[in-house]
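The next block holds one structure in the form of structure tokens; read it before the comments.
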Amino acid sequence: MGKADKDTELKVIQVYLRNIGVVHIQTNGAIKKIYNPSDAFSGIGTHIDIEYKEQIKTEKLHFNVSIDDTYLELDTFEIRCKTISGRQMAPDILEERFVRDPMHTSALSRQLPCFSMSISCKACKTLIISYDNTEIKRFIDIPESNWEEYMDLWHCHKPTDNQTYNDEVNNVYNLLQNNRNLIIPKVDLPILLSDISLLVYPKTMNLERCVANDDFACKQCGNKIGKVRITGNQDDYDSYLELYKPELSLAFNHDNKNVDIFEVSPLDWLANEMLYCTSMYGSRMFKLIPPSGLKKKFDVIYIWCLDHGISIGINESKFDNLLKAMYTKQNILNHGTQNVQDIEINYGDDEYNTKFYLNLIEELEKSENKVSLNTLKNELNGWLPLYI
């Protein structure tokens with residue numbers, strides 16, 4: 001049996017390896033037995049007894065496993081058991097992206113019709129804007145933030161290749177000039193969704209203090225949550241808000257009773273970026289690049305994604321739809337034939353990019369600590385385990 005580590009509390013980590021139908025259980029104590037307290041003769045294990053600091057503690061398993069008599073007399077800090085559910089197919093990557101971005105059209109459309117919808121500052125829960133059921137009937141996706149770069153994948157002749165073509169203002173097929181101006185929220189379509197932001201048409205707004213590309217901050221806590229966008233000319237203009245998803249809390253009030261809340265974290269954003277690159281380019285290796293203002297203080301982080309759609313239990317908590325990965329801050333020059341994709345933060349201005357990156361690094365460290373055991377570091381040439 002491995003020696004007990006220096007953790008001050010019992011930690012039990014259960015990882016469901018769906019591709020082989022196995023649950024990998026690790027602990028900083030000693031696993032004594034896996035059993036079913038409701039039926040001593042059952043071949044289905046539902047609980048685990050662990051000796052920790054000379055006491056036996058019982059934990060409920062998040063995944064039912066197949067057992068026999070050999071599981072009743074154990075003395076180990078980790079074990080692999082076959083699951084009752086067996087092997088499972090890998091989940092669809094597109095569905096995984098929707099799950100990690102609950103502010104995507106697919107998830108939000110299921111909330112309509114509703115009694116009312118509100119957008120609040122996630123930091124302090126101050127209301128920014130709300131709509132009732134007469135004002136919002138549907139949600140519309142807009143092209144992703146760097147859609148022009150993706151044109152290389154499907155467009156034979158990009159509009160930028162022909163300057164004369166771009167200069168023809170009356171050309172309705174001019175994607176880069178005319179059509180871009182059409183992608184704005186309006187009174188009858190007040191919310192548009194992109195991969196990194198919501199475009200919101202406000203019912204009321206103090207335009208006297210607003211100029212194009214002004215920062216939009218929460219009136220209560222001062223948190224920067226987006227930009228003010230101005231359309232039209234000086235005499236006849238309108239405005240809308242470009243709000244950053246990680247700073248928002250969306251609430252749907254159903255019949256004034258049940259409320260569904262949607263929020264996106266920096267780790268959700270990172271997982272979405274990795275899933276997108278995996279589906280588009282087949283990438284498994286990623287390079288997270290710090291914003292320009294932090295490049296001297298922070299190293300590039302290399303992330304190696306091993307699998308997606310992972311379920312993991314940590315003590316009483318269970319997490320689904322995670323990416324199983326390893327990461328390192330070492331410069332990996334010899335990565336074989338791996339296609340390394342750069343991931344950069346392009347939210348708003350440099351100040352916000354810096355803030356977002358620092359929050360992302362903090363969440364990465366917390367995620368690593370959740371699955372780290374002092375006796376089970378599982379290091380591989382400087383690579384550390386990570387569940388995103």
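Residue numbers start at 1 in each chain; chains themselves are named A, B, ... in the order of the structure tokens; ligands are numbered from 1 in the order shown.
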Can I get the residues of stretch 71-149 of chain A within 7 Å of stretch 14-22 of chain A, each with the closest pair of atoms and their distance in Å to one decimal, using only C-alpha atoms, sorted chain first then ascending number, as JSON lines?
{"residue": "A:Arg80", "atom": "CA", "partner": "A:Val22", "partner_atom": "CA", "distance": 6.4}
{"residue": "A:Cys81", "atom": "CA", "partner": "A:Val22", "partner_atom": "CA", "distance": 5.5}
{"residue": "A:Lys82", "atom": "CA", "partner": "A:Val22", "partner_atom": "CA", "distance": 4.5}
{"residue": "A:Thr83", "atom": "CA", "partner": "A:Val22", "partner_atom": "CA", "distance": 5.4}
{"residue": "A:Gly86", "atom": "CA", "partner": "A:Gly21", "partner_atom": "CA", "distance": 4.3}
{"residue": "A:Arg87", "atom": "CA", "partner": "A:Gly21", "partner_atom": "CA", "distance": 3.9}
{"residue": "A:Gln88", "atom": "CA", "partner": "A:Arg18", "partner_atom": "CA", "distance": 5.1}
{"residue": "A:Met89", "atom": "CA", "partner": "A:Asn19", "partner_atom": "CA", "distance": 6.7}
Contacts of stretch 259-275 of chain A at 7 Å (only C-alpha atoms; same-chain gap of 6+ positions) as a PyMOL selection string
chain A and resi 93+97+100-103+245-246+248-253+359-360+363+388
Please produce an output containing C-alpha atoms for each residue in the selection, written as a PDB file, in the first residue's frame.
ATOM      1  CA  ILE A  93     -17.934  17.194 -30.101  1.00  0.00           C
ATOM      2  CA  ARG A  97     -19.327  22.518 -27.158  1.00  0.00           C
ATOM      3  CA  ARG A 100     -19.671  23.921 -22.181  1.00  0.00           C
ATOM      4  CA  ASP A 101     -21.236  27.096 -23.589  1.00  0.00           C
ATOM      5  CA  PRO A 102     -24.727  27.203 -22.029  1.00  0.00           C
ATOM      6  CA  MET A 103     -25.266  30.627 -23.638  1.00  0.00           C
ATOM      7  CA  LYS A 245     -20.258  36.012 -21.747  1.00  0.00           C
ATOM      8  CA  PRO A 246     -17.932  35.218 -18.783  1.00  0.00           C
ATOM      9  CA  LEU A 248     -22.837  37.658 -17.350  1.00  0.00           C
ATOM     10  CA  SER A 249     -25.558  35.737 -15.596  1.00  0.00           C
ATOM     11  CA  LEU A 250     -28.649  34.970 -17.715  1.00  0.00           C
ATOM     12  CA  ALA A 251     -31.853  34.136 -15.872  1.00  0.00           C
ATOM     13  CA  PHE A 252     -35.076  32.792 -17.378  1.00  0.00           C
ATOM     14  CA  ASN A 253     -38.208  33.209 -15.290  1.00  0.00           C
ATOM     15  CA  ASN A 359      -8.839  34.417 -13.995  1.00  0.00           C
ATOM     16  CA  LEU A 360      -8.271  31.516 -16.408  1.00  0.00           C
ATOM     17  CA  GLU A 363      -9.182  28.311 -12.477  1.00  0.00           C
ATOM     18  CA  ILE A 388     -10.896  21.039 -17.680  1.00  0.00           C
TER      19      ILE A 388
END
As a PyMOL selection string, please: the residues near A:His104 (cut-off 8 Å, only C-alpha atoms, same-chain neighbours under 2 positions excluded).
chain A and resi 98+101-102+106-108+141+193-195
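Nearest-residue note for A:Pro291: choosing from A:Leu322, A:Leu358, A:Cys305, A:Ile196, the minimum distance belongs to A:Leu358, counting only C-alpha atoms.
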Taking the DSSP secondary structure from the backbone, can you list the residues of stretch 21-125 of chain A that are helix (DSSP H, G or I), as JSON, numbers by chain?
{"A": [69, 70, 71, 72, 93, 94, 95, 96, 97, 98, 99, 100, 105, 106, 107, 108, 109]}
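Taking atom CA of A:Gly29 and atom CA of A:Leu364 as endpoints, the distance between them is 25.3 Å.
Proximity to A:Thr58 at 10 Å, evaluated using only C-alpha atoms and with sequence-adjacent residues fewer than 2 positions away removed, yields A:Ile31, A:Lys32, A:Lys33, A:Ile34, A:His47, A:Ile48, A:Asp49, A:Ile50, A:Glu51, A:Gln55, A:Ile56, A:Lys60, A:Leu61.
Considering only C-alpha atoms, the residue among A:Asp320, A:Val99, A:Lys287, A:Ile191 positioned nearest to A:Ser130 is A:Ile191.
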Determine, counting only C-alpha atoms, which protein, DNA and RNA residues have an atom within 12 Å of an atom of A:Gly313; residues of the same chain fewer than 2 positions away are not included. Present the result as a VMD selection string.
chain A and resid 11 to 17 23 to 27 59 to 63 310 to 311 315 to 322 370 to 371 387
Residues of the last selection are to be written out with C-alpha atoms, as an mmCIF file, in the first residue's frame.
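Just written: result-v6.cif:
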data_model
loop_
_atom_site.group_PDB
_atom_site.id
_atom_site.type_symbol
_atom_site.label_atom_id
_atom_site.label_comp_id
_atom_site.auth_asym_id
_atom_site.auth_seq_id
_atom_site.Cartn_x
_atom_site.Cartn_y
_atom_site.Cartn_z
ATOM 1 C CA LYS A 11 -9.817 12.851 -0.916
ATOM 2 C CA VAL A 12 -11.491 10.246 -3.119
ATOM 3 C CA ILE A 13 -11.192 10.663 -6.884
ATOM 4 C CA GLN A 14 -13.319 8.512 -9.219
ATOM 5 C CA VAL A 15 -12.720 8.786 -12.963
ATOM 6 C CA TYR A 16 -15.036 7.029 -15.415
ATOM 7 C CA LEU A 17 -12.937 5.843 -18.366
ATOM 8 C CA VAL A 23 -13.742 3.394 -13.105
ATOM 9 C CA HIS A 24 -10.327 4.395 -11.758
ATOM 10 C CA ILE A 25 -10.491 5.134 -8.017
ATOM 11 C CA GLN A 26 -7.667 6.933 -6.185
ATOM 12 C CA THR A 27 -7.484 8.093 -2.586
ATOM 13 C CA GLU A 59 -18.173 7.067 0.566
ATOM 14 C CA LYS A 60 -20.916 6.477 -1.991
ATOM 15 C CA LEU A 61 -19.565 5.709 -5.449
ATOM 16 C CA HIS A 62 -20.644 8.012 -8.277
ATOM 17 C CA PHE A 63 -20.468 5.075 -10.732
ATOM 18 C CA ILE A 310 -15.175 12.665 -19.188
ATOM 19 C CA SER A 311 -17.078 12.196 -15.903
ATOM 20 C CA ASN A 315 -15.575 13.203 -2.819
ATOM 21 C CA GLU A 316 -19.324 14.062 -2.831
ATOM 22 C CA SER A 317 -19.197 16.184 -6.013
ATOM 23 C CA LYS A 318 -19.597 14.871 -9.560
ATOM 24 C CA PHE A 319 -18.524 16.683 -12.732
ATOM 25 C CA ASP A 320 -19.494 15.747 -16.298
ATOM 26 C CA ASN A 321 -18.439 16.810 -19.808
ATOM 27 C CA LEU A 322 -14.822 17.451 -18.847
ATOM 28 C CA LYS A 370 -8.804 19.027 -7.276
ATOM 29 C CA VAL A 371 -7.243 15.924 -8.815
ATOM 30 C CA TYR A 387 -9.424 17.984 -15.963
#
Set the distance at 9 Å and use only C-alpha atoms: which residues neighbour A:Cys221 once local chain neighbours fewer than 2 positions away are removed? I'd like the list as a PyMOL selection string.
chain A and resi 121+123-124+126+217-219+223
d(atom CA of A:Ile67, atom CA of A:Glu9) in Å
27.1 Å
